[in-house]
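Q: Compact mmCIF, C-alpha atoms and all ligand atoms, file run.txt:
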```txt
# COMPACT_ATOMS: atom_id res chain seq x y z
CA MET A 1 21.38 -16.39 22.63
CA ASP A 2 20.36 -19.88 21.53
CA VAL A 3 18.47 -20.35 18.28
CA LYS A 4 16.55 -23.39 17.11
CA ALA A 5 16.15 -25.21 13.81
CA ALA A 6 12.79 -26.67 12.77
CA ALA A 7 14.51 -29.99 12.02
CA PHE A 8 17.99 -31.47 12.37
CA THR A 9 19.75 -34.55 11.09
CA GLU A 10 23.30 -35.77 10.93
CA ILE A 11 25.33 -38.21 8.87
CA THR A 12 28.44 -39.94 10.17
CA SER A 13 29.01 -42.20 7.14
CA GLU A 14 28.78 -41.74 3.38
CA GLU A 15 26.61 -44.89 3.29
CA GLN A 16 23.84 -42.75 4.75
CA LEU A 17 23.90 -40.40 1.72
CA PRO A 18 21.16 -42.07 -0.39
CA ALA A 19 18.70 -41.98 2.52
CA LEU A 20 19.74 -38.42 3.38
CA LEU A 21 19.25 -37.13 -0.18
CA LYS A 22 15.87 -38.82 -0.43
CA PHE A 23 14.80 -37.02 2.73
CA VAL A 24 16.34 -33.66 1.74
CA ASN A 25 14.73 -33.72 -1.71
CA THR A 26 11.27 -34.25 -0.29
CA TYR A 27 11.70 -31.70 2.51
CA SER A 28 9.59 -28.64 1.75
CA GLY A 29 11.53 -25.93 3.62
CA PRO A 30 15.06 -24.51 3.31
CA VAL A 31 17.99 -26.86 3.96
CA LEU A 32 21.32 -25.88 5.50
CA PHE A 33 24.36 -28.17 5.27
CA LEU A 34 26.42 -27.51 8.35
CA GLY A 35 30.10 -28.18 8.99
CA GLY A 36 31.62 -26.79 12.18
CA GLY A 37 29.27 -23.78 12.18
CA SER A 38 32.17 -21.46 12.98
CA ASN A 39 31.42 -18.91 10.25
CA LEU A 40 27.66 -18.51 10.71
CA LEU A 41 25.48 -15.86 12.31
CA PHE A 42 21.84 -16.78 12.92
CA THR A 43 19.60 -13.73 13.21
CA GLY A 44 16.71 -15.88 14.46
CA ASP A 45 15.43 -19.44 14.55
CA PHE A 46 16.12 -21.39 11.33
CA ASN A 47 12.79 -22.43 9.89
CA GLY A 48 14.17 -25.37 7.99
CA LEU A 49 16.32 -28.50 8.10
CA VAL A 50 19.91 -28.42 9.32
CA VAL A 51 22.05 -31.31 8.07
CA HIS A 52 25.23 -31.81 10.05
CA ILE A 53 27.99 -33.50 8.04
CA ALA A 54 29.92 -35.45 10.67
CA THR A 55 31.97 -37.94 8.63
CA ARG A 56 35.47 -38.46 10.06
CA GLY A 57 38.73 -39.89 8.77
CA ILE A 58 42.14 -38.89 7.43
CA GLU A 59 44.13 -40.98 4.96
CA ILE A 60 47.21 -40.72 2.81
CA VAL A 61 45.94 -41.55 -0.66
CA ASP A 62 49.09 -41.23 -2.79
CA GLU A 63 52.68 -40.08 -2.72
CA ASP A 64 55.75 -39.61 -4.86
CA ASP A 65 59.27 -38.33 -4.17
CA GLU A 66 58.11 -34.75 -3.76
CA PHE A 67 54.48 -34.78 -2.66
CA VAL A 68 52.07 -36.59 -0.43
CA TYR A 69 48.31 -36.49 -1.03
CA VAL A 70 46.30 -36.38 2.17
CA ARG A 71 42.51 -36.68 2.21
CA GLY A 72 40.26 -35.59 5.05
CA LYS A 73 36.58 -36.39 5.35
CA ALA A 74 34.30 -33.36 5.49
CA GLY A 75 33.43 -33.61 9.19
CA GLU A 76 37.03 -33.87 10.34
CA ASN A 77 38.06 -30.96 12.55
CA TRP A 78 40.29 -28.62 10.52
CA ASN A 79 43.03 -28.22 13.10
CA ASP A 80 43.15 -31.98 13.78
CA PHE A 81 43.71 -32.44 10.06
CA VAL A 82 46.44 -29.77 9.99
CA GLN A 83 48.15 -31.37 13.00
CA PHE A 84 48.05 -34.81 11.32
CA CYS A 85 50.08 -33.25 8.48
CA VAL A 86 52.34 -31.14 10.71
CA LYS A 87 53.32 -34.18 12.84
CA ARG A 88 54.49 -35.99 9.72
CA ASN A 89 56.39 -32.92 8.46
CA TYR A 90 54.14 -32.60 5.40
CA GLY A 91 54.36 -28.91 4.52
CA GLY A 92 51.76 -26.45 3.30
CA LEU A 93 49.01 -26.19 5.91
CA GLU A 94 51.02 -25.19 9.00
CA ASN A 95 50.18 -21.47 8.61
CA LEU A 96 46.51 -22.45 8.78
CA SER A 97 46.79 -24.08 12.21
CA LEU A 98 43.96 -23.53 14.69
CA ILE A 99 41.48 -22.03 12.23
CA PRO A 100 38.08 -23.08 13.59
CA GLY A 101 35.80 -25.24 11.43
CA ASN A 102 35.89 -28.50 9.52
CA VAL A 103 37.72 -29.87 6.48
CA GLY A 104 34.59 -29.87 4.28
CA SER A 105 33.93 -26.16 4.78
CA ALA A 106 37.52 -25.05 4.25
CA PRO A 107 37.31 -24.84 0.42
CA ILE A 108 33.97 -23.02 0.45
CA GLN A 109 35.59 -19.79 1.52
CA ASN A 110 39.19 -20.76 0.66
CA ILE A 111 40.27 -20.25 4.25
CA GLY A 112 43.49 -18.33 4.69
CA ALA A 113 45.83 -16.89 7.29
CA TYR A 114 49.42 -15.69 7.69
CA GLY A 115 50.21 -15.49 3.99
CA VAL A 116 48.70 -18.86 2.94
CA GLU A 117 45.33 -19.94 1.55
CA ILE A 118 44.11 -23.50 1.10
CA LYS A 119 44.06 -23.02 -2.68
CA ASP A 120 47.89 -23.12 -2.52
CA THR A 121 47.90 -26.85 -1.63
CA PHE A 122 44.35 -27.89 -2.54
CA TYR A 123 44.40 -30.84 -4.94
CA MET A 124 40.76 -31.89 -5.35
CA LEU A 125 37.52 -32.49 -3.54
CA ASP A 126 34.81 -35.14 -3.75
CA ALA A 127 31.21 -33.97 -3.67
CA ILE A 128 27.71 -35.25 -4.31
CA ALA A 129 25.00 -33.29 -6.12
CA VAL A 130 22.06 -32.74 -3.79
CA ARG A 131 19.38 -33.07 -6.51
CA SER A 132 20.71 -35.86 -8.74
CA GLY A 133 22.86 -37.76 -6.24
CA GLU A 134 25.71 -37.85 -8.76
CA PHE A 135 29.26 -37.94 -7.42
CA ARG A 136 31.64 -35.34 -8.82
CA GLU A 137 35.30 -34.48 -8.38
CA PHE A 138 36.33 -30.84 -8.40
CA PHE A 139 39.93 -29.93 -9.17
CA SER A 140 41.43 -26.57 -8.29
CA ASP A 141 40.71 -24.87 -11.63
CA GLU A 142 37.01 -25.77 -11.31
CA CYS A 143 36.58 -24.12 -7.90
CA ASP A 144 37.07 -20.44 -8.85
CA PHE A 145 39.14 -19.83 -5.73
CA GLY A 146 39.76 -16.22 -4.71
CA TYR A 147 40.21 -14.28 -1.49
CA ARG A 148 37.68 -15.87 0.91
CA HIS A 149 35.82 -17.06 -2.18
CA SER A 150 34.96 -20.17 -4.25
CA ILE A 151 32.27 -21.35 -6.65
CA PHE A 152 30.54 -23.03 -3.68
CA LYS A 153 29.64 -19.58 -2.30
CA THR A 154 28.04 -18.39 -5.53
CA GLU A 155 26.91 -20.47 -8.56
CA LEU A 156 26.97 -23.81 -6.76
CA LYS A 157 25.78 -22.62 -3.35
CA GLY A 158 23.73 -25.40 -1.74
CA SER A 159 23.95 -27.63 -4.86
CA TYR A 160 26.67 -29.98 -3.65
CA ILE A 161 27.63 -31.59 -0.39
CA ILE A 162 31.41 -31.66 -0.03
CA LEU A 163 32.40 -35.14 1.16
CA SER A 164 36.18 -35.01 1.38
CA VAL A 165 39.07 -32.76 0.45
CA THR A 166 42.52 -33.86 -0.74
CA PHE A 167 45.63 -31.70 -0.32
CA ARG A 168 48.95 -32.04 -2.11
CA LEU A 169 51.59 -31.40 0.52
CA HIS A 170 55.36 -31.07 0.31
CA LYS A 171 57.69 -33.72 1.66
CA ASN A 172 60.59 -31.23 1.59
CA PRO A 173 58.70 -28.15 2.59
CA GLY A 174 59.70 -24.57 1.93
CA LEU A 175 58.12 -22.49 4.67
CA SER A 176 55.93 -19.40 4.15
CA LEU A 177 57.37 -16.82 6.48
CA SER A 178 56.38 -13.69 4.55
CA TYR A 179 53.91 -12.62 7.23
CA GLY A 180 56.23 -10.58 9.44
CA SER A 181 55.23 -11.65 12.90
CA ILE A 182 55.78 -15.38 12.22
CA LYS A 183 59.55 -14.88 12.14
CA ASP A 184 59.38 -12.64 15.23
CA GLN A 185 57.31 -15.25 17.02
CA LEU A 186 59.73 -18.07 16.09
CA ASN A 187 62.57 -16.00 17.51
CA ALA A 188 60.63 -15.08 20.64
CA MET A 189 59.85 -18.77 21.22
CA GLY A 190 63.45 -19.80 20.46
CA LEU A 191 62.30 -22.14 17.67
CA LYS A 192 64.26 -23.12 14.56
CA GLU A 193 62.32 -22.88 11.29
CA SER A 194 60.34 -26.08 10.63
CA VAL A 195 56.79 -27.11 9.78
CA GLN A 196 56.15 -27.93 13.44
CA ALA A 197 57.68 -24.64 14.63
CA VAL A 198 55.62 -22.51 12.23
CA SER A 199 52.48 -24.29 13.40
CA GLU A 200 53.38 -23.57 17.03
CA ALA A 201 54.18 -19.93 16.23
CA VAL A 202 50.86 -19.47 14.39
CA ILE A 203 48.94 -21.08 17.25
CA SER A 204 50.63 -18.73 19.68
CA ILE A 205 49.89 -15.62 17.54
CA ARG A 206 46.26 -16.66 17.09
CA ARG A 207 45.81 -17.31 20.83
CA SER A 208 47.21 -13.86 21.62
CA LYS A 209 44.99 -11.97 19.16
CA LEU A 210 41.87 -13.98 18.44
CA PRO A 211 39.24 -15.06 20.97
CA ASP A 212 38.52 -18.81 21.29
CA PRO A 213 34.92 -19.32 20.11
CA LEU A 214 34.42 -21.89 22.89
CA GLU A 215 35.18 -19.21 25.48
CA LEU A 216 33.85 -16.03 23.83
CA GLY A 217 31.30 -16.26 21.02
CA ASN A 218 32.71 -15.08 17.68
CA ALA A 219 32.94 -16.08 14.02
CA GLY A 220 36.53 -14.97 13.38
CA SER A 221 36.93 -11.99 11.08
CA PHE A 222 33.43 -10.59 10.72
CA PHE A 223 34.37 -8.53 7.63
CA LYS A 224 36.50 -9.12 4.56
CA ASN A 225 39.47 -6.89 3.91
CA PRO A 226 38.31 -4.47 1.17
CA VAL A 227 40.06 -3.86 -2.14
CA ILE A 228 40.02 -0.26 -3.42
CA SER A 229 41.43 1.51 -6.47
CA ASN A 230 45.00 2.86 -6.50
CA GLN A 231 43.63 6.39 -6.84
CA HIS A 232 41.36 6.04 -3.80
CA PHE A 233 44.23 4.50 -1.86
CA ASN A 234 46.52 7.45 -2.64
CA GLN A 235 43.89 9.85 -1.28
CA ILE A 236 43.53 7.92 1.99
CA GLN A 237 47.28 7.39 2.35
CA ALA A 238 47.91 11.15 1.99
CA LEU A 239 45.84 11.65 5.15
CA HIS A 240 46.98 8.47 6.95
CA PRO A 241 50.58 7.70 5.97
CA GLY A 242 50.76 4.67 8.31
CA ILE A 243 47.83 2.80 6.75
CA PRO A 244 48.62 -0.91 6.23
CA SER A 245 48.07 -2.04 2.63
CA TYR A 246 48.75 -5.02 0.39
CA PRO A 247 48.87 -5.30 -3.40
CA ALA A 248 45.74 -7.00 -4.77
CA ASP A 249 44.03 -7.80 -8.06
CA GLY A 250 42.34 -4.60 -9.22
CA GLY A 251 43.99 -2.24 -6.73
CA VAL A 252 45.05 -2.19 -3.11
CA LYS A 253 43.80 -4.35 -0.23
CA LEU A 254 43.29 -2.56 3.09
CA ALA A 255 43.13 -4.02 6.60
CA ALA A 256 39.50 -3.68 7.68
CA GLY A 257 40.63 -4.12 11.30
CA TRP A 258 42.78 -1.01 11.02
CA LEU A 259 39.93 1.04 9.45
CA ILE A 260 37.52 -0.10 12.18
CA GLU A 261 40.01 0.69 14.93
CA LYS A 262 40.62 4.18 13.47
CA CYS A 263 36.86 4.77 13.62
CA GLY A 264 37.07 4.15 17.36
CA TRP A 265 35.30 0.80 17.57
CA LYS A 266 38.01 -1.42 19.03
CA GLY A 267 36.87 -2.71 22.43
CA PHE A 268 33.40 -1.14 21.99
CA ARG A 269 30.56 -2.92 23.79
CA ASP A 270 26.81 -2.41 23.61
CA GLY A 271 25.06 -4.86 25.94
CA ASP A 272 26.54 -8.24 25.08
CA ALA A 273 27.51 -7.35 21.48
CA GLY A 274 31.02 -6.02 21.07
CA VAL A 275 34.18 -5.50 19.06
CA HIS A 276 37.12 -7.57 20.26
CA GLU A 277 39.63 -5.54 22.24
CA LYS A 278 42.70 -7.05 20.53
CA GLN A 279 41.44 -7.35 16.93
CA ALA A 280 38.78 -4.95 15.65
CA LEU A 281 37.85 -7.24 12.75
CA VAL A 282 36.26 -9.70 15.16
CA LEU A 283 32.80 -9.10 16.62
CA VAL A 284 32.13 -10.90 19.88
CA ASN A 285 29.12 -12.05 21.84
CA TYR A 286 29.69 -11.72 25.59
CA GLY A 287 26.83 -14.15 26.20
CA ALA A 288 23.28 -13.00 25.74
CA ALA A 289 23.39 -10.92 22.53
CA ASN A 290 21.17 -12.24 19.76
CA GLY A 291 22.16 -12.37 16.11
CA THR A 292 20.19 -9.25 15.26
CA GLN A 293 22.08 -7.22 17.86
CA ILE A 294 25.40 -8.41 16.40
CA LEU A 295 24.18 -7.55 12.91
CA THR A 296 23.01 -4.08 14.04
CA LEU A 297 26.48 -3.42 15.43
CA ALA A 298 28.03 -4.68 12.17
CA HIS A 299 25.92 -2.21 10.16
CA LYS A 300 26.90 0.71 12.42
CA ILE A 301 30.56 -0.21 11.88
CA MET A 302 30.11 -0.50 8.10
CA ASP A 303 28.39 2.90 7.98
CA SER A 304 31.07 4.56 10.05
CA VAL A 305 33.94 3.15 7.92
CA LYS A 306 32.07 4.37 4.82
CA THR A 307 31.58 7.85 6.28
CA THR A 308 35.15 8.20 7.57
CA PHE A 309 37.13 6.64 4.72
CA GLY A 310 34.65 6.31 1.84
CA VAL A 311 35.39 2.56 1.90
CA GLU A 312 32.71 -0.14 1.83
CA ILE A 313 33.44 -3.20 3.93
CA GLU A 314 31.29 -6.31 3.68
CA PRO A 315 30.65 -9.20 6.06
CA GLU A 316 32.70 -12.34 5.68
CA VAL A 317 30.44 -14.51 7.83
CA ASN A 318 27.31 -16.22 6.49
CA ILE A 319 24.28 -14.43 7.86
CA LEU A 320 21.08 -16.46 8.10
N1 LIG A 401 45.06 -3.95 12.57
C1 LIG A 401 44.82 -2.86 13.34
N2 LIG A 401 43.82 -2.95 14.27
C2 LIG A 401 43.11 -4.07 14.49
C3 LIG A 401 43.36 -5.20 13.68
C4 LIG A 401 44.35 -5.11 12.71
O1 LIG A 401 45.44 -1.80 13.18
O2 LIG A 401 42.27 -4.07 15.38
C5 LIG A 401 46.16 -3.88 11.57
C6 LIG A 401 47.34 -4.73 11.99
O3 LIG A 401 48.23 -4.01 12.81
C7 LIG A 401 47.97 -5.09 10.67
C8 LIG A 401 46.77 -5.20 9.74
O4 LIG A 401 45.71 -4.47 10.36
O5 LIG A 401 48.80 -4.06 10.21
C9 LIG A 401 46.35 -6.63 9.47
O6 LIG A 401 46.01 -7.26 10.70
P1 LIG A 401 46.17 -8.86 10.90
O7 LIG A 401 47.52 -9.27 10.48
O8 LIG A 401 45.74 -9.16 12.30
O9 LIG A 401 45.22 -9.49 9.86
P2 LIG A 401 43.76 -9.11 9.34
O10 LIG A 401 43.87 -8.56 7.97
O11 LIG A 401 43.08 -8.27 10.36
C10 LIG A 401 43.42 -11.41 8.18
C11 LIG A 401 42.38 -12.48 8.12
C12 LIG A 401 42.44 -13.34 9.37
C13 LIG A 401 43.82 -13.94 9.49
C14 LIG A 401 44.84 -12.81 9.54
C15 LIG A 401 46.27 -13.28 9.54
C16 LIG A 401 40.60 -11.59 6.77
C17 LIG A 401 39.20 -11.10 6.73
N3 LIG A 401 41.07 -11.93 7.96
O12 LIG A 401 43.08 -10.55 9.27
O13 LIG A 401 41.50 -14.40 9.20
O14 LIG A 401 43.94 -14.74 10.65
O15 LIG A 401 44.70 -11.98 8.35
O16 LIG A 401 46.62 -13.70 8.28
O17 LIG A 401 41.24 -11.70 5.71
C18 LIG A 401 39.26 -15.11 9.60
O18 LIG A 401 39.12 -15.14 8.38
O19 LIG A 401 38.33 -15.40 10.38
C19 LIG A 401 40.54 -14.68 10.16
C20 LIG A 401 40.74 -14.55 11.46
```
Rewrite the coordinates I just gave you, this time as structure tokens.

A:
Amino acid sequence: MDVKAAAFTEITSEEQLPALLKFVNTYSGPVLFLGGGSNLLFTGDFNGLVVHIATRGIEIVDEDDEFVYVRGKAGENWNDFVQFCVKRNYGGLENLSLIPGNVGSAPIQNIGAYGVEIKDTFYMLDAIAVRSGEFREFFSDECDFGYRHSIFKTELKGSYIILSVTFRLHKNPGLSLSYGSIKDQLNAMGLKESVQAVSEAVISIRRSKLPDPLELGNAGSFFKNPVISNQHFNQIQALHPGIPSYPADGGVKLAAGWLIEKCGWKGFRDGDAGVHEKQALVLVNYGAANGTQILTLAHKIMDSVKTTFGVEIEPEVNIL
């Protein structure tokens, strides 16, 4: 269901920043800086100002024998940026092909897929402080990157507008093929290992498992994969020997999609709110569900995973 904002504005050039900040800093209600909007769930109308960052442009800013530094403006479509790099055989982002969203939002949740996160090739970002209008560069060690996490989700939430992001990519790339089905997919497609081939394999895997938000409303993985203690994991594994798991800081990471499927939710549908039939981590809107109905379904799923496995899963999407 459509929702409305009380006010909306957009910038397409950084020259518009002084006027934008003047307006934002005198606006009395809440302000939301919007990228592609692909990771948001609105539970009702937004009673504030939405600022769409729509600056475009990709440039190579530096290079040496080993690396090339590629900068994308915040409003650049993420996959267009990845394909710019893939076409030139610059390695490091190919596993992140076809993730919805824009370049400027990518660092906020350290987007990741198929064994790679942007923190692996992130070099720096340029931002402007909303209050003071001061420009600031953030290098990797200042961003507090973690699994689907950065400082821009916590301490600095809403304080900076990300203007551009620069990645340090490999001219002689080593490929990340640790995620099992990439190799299988390359073989199935008859492709030799290369940056371009990995990108094509990832696109094919994503298309087979994940719904296209333009065709079926969704925000990708609705939940984060939870990390539990080794002891808790051993208890669950004793009952479910096939449970997928990954080593993680502080214990063991579980696949929330697997937990949700085991609770019987995969393919579930209540009105127009549902759980995707091919990937239980993704909640879908068949058309007319509103945000509250999606959120109600999410809470039922969280409760059932807690009751069945004693594991708490939490949303990955931004809920407004
Ligand atoms: N699984 C099931 N049932 C399901 C879904 C998954 O049993 O319905 C099992 C799979 O068989 C596999 C394991 O769970 O053993 C992991 O599944 P998958 O490889 O599909 O990855 P995921 O953990 O469900 C994460 C990311 C995705 C990313 C994929 C691939 C999170 C929250 N999600 O999903 O990211 O594409 O890995 O790397 O970490 C996103 O963030 O929006 C997103 C789609």

Q: Which residues come within 7 Å of Gly267 in chain A, counting all atoms listed in the file, excluding same-chain residues fewer than 4 positions away, as a VMD selection string?

A: chain A and resid 274 to 277

Q: Which one of A:Pro213, A:Pro30, A:Gly158, A:Gly48 sits closest to Leu98 in chain A if you count only C-alpha atoms?

A: A:Pro213

Q: Write as a PyMOL selection string the residues around ligand LIG 401 (chain A), taking 8 Å as the cut-off and counting all atoms listed in the file.

A: chain A and resi 39+99+111-116+147-148+179+206+209-210+219-225+243-245+254-262+266+276-282+316

Q: Create the file for the chosen residues now, containing C-alpha atoms and written as a compact mmCIF listing (two decimals), in the coordinates of the input.

A:
```txt
# COMPACT_ATOMS: atom_id res chain seq x y z
CA ASN A 39 31.42 -18.91 10.25
CA ILE A 99 41.48 -22.03 12.23
CA ILE A 111 40.27 -20.25 4.25
CA GLY A 112 43.49 -18.33 4.69
CA ALA A 113 45.83 -16.89 7.29
CA TYR A 114 49.42 -15.69 7.69
CA GLY A 115 50.21 -15.49 3.99
CA VAL A 116 48.70 -18.86 2.94
CA TYR A 147 40.21 -14.28 -1.49
CA ARG A 148 37.68 -15.87 0.91
CA TYR A 179 53.91 -12.62 7.23
CA ARG A 206 46.26 -16.66 17.09
CA LYS A 209 44.99 -11.97 19.16
CA LEU A 210 41.87 -13.98 18.44
CA ALA A 219 32.94 -16.08 14.02
CA GLY A 220 36.53 -14.97 13.38
CA SER A 221 36.93 -11.99 11.08
CA PHE A 222 33.43 -10.59 10.72
CA PHE A 223 34.37 -8.53 7.63
CA LYS A 224 36.50 -9.12 4.56
CA ASN A 225 39.47 -6.89 3.91
CA ILE A 243 47.83 2.80 6.75
CA PRO A 244 48.62 -0.91 6.23
CA SER A 245 48.07 -2.04 2.63
CA LEU A 254 43.29 -2.56 3.09
CA ALA A 255 43.13 -4.02 6.60
CA ALA A 256 39.50 -3.68 7.68
CA GLY A 257 40.63 -4.12 11.30
CA TRP A 258 42.78 -1.01 11.02
CA LEU A 259 39.93 1.04 9.45
CA ILE A 260 37.52 -0.10 12.18
CA GLU A 261 40.01 0.69 14.93
CA LYS A 262 40.62 4.18 13.47
CA LYS A 266 38.01 -1.42 19.03
CA HIS A 276 37.12 -7.57 20.26
CA GLU A 277 39.63 -5.54 22.24
CA LYS A 278 42.70 -7.05 20.53
CA GLN A 279 41.44 -7.35 16.93
CA ALA A 280 38.78 -4.95 15.65
CA LEU A 281 37.85 -7.24 12.75
CA VAL A 282 36.26 -9.70 15.16
CA GLU A 316 32.70 -12.34 5.68
```

Q: Between CA of Gly146 in chain A and CA of Gln196 in chain A, measure the distance and give it in Å to one decimal.

A: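 About the pair CA of Gly146 in chain A and CA of Gln196 in chain A: they are 27.1 Å apart.
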
Q: For each of A:Tyr27, A:Phe67, A:Phe135, A:Tyr246, take the minimum atom-to-atom distance to Phe8 in chain A, counting all atoms listed in the file, then give the residue where this is smallest.

A: A:Tyr27

Q: Can you work out which one of A:Val86, A:Ile161, A:Ile118, A:Val3 has the shortest atom-to-atom distance to Thr55 in chain A, counting all atoms listed in the file?

A: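 Looking only at the distances to Thr55 in chain A, the closest residue turns out to be A:Ile161.
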
Q: Ranking A:Phe268, A:Phe309, A:Tyr286, A:Phe33 by minimum distance to Ser159 in chain A and counting all atoms listed in the file, which one comes first?

A: A:Phe33

Q: Just give me the residues with any atom within 9 Å of (34.3, -36.0, -8.8), file coordinates, counting only C-alpha atoms, written as a PyMOL selection string.

A: chain A and resi 124-128+134-139

Q: For CA of Ala6 in chain A and CA of His149 in chain A, determine how far apart the two atoms are, in Å to one decimal place.

A: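 Straight-line distance from CA of Ala6 in chain A to CA of His149 in chain A works out to 29.1 Å.
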
Q: Could you tell me how far CA of Arg56 in chain A sits from CA of Asn102 in chain A, in Å to one decimal place?

A: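 Distance between the two atoms: 10.0 Å.
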
Q: My list of candidates is A:Ala188, A:Leu320, A:Ile294, A:Val70. Which is closest to Gly91 in chain A when distances are computed with all atoms listed in the file?

A: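 For Gly91 in chain A, the nearest of the given residues is A:Val70.
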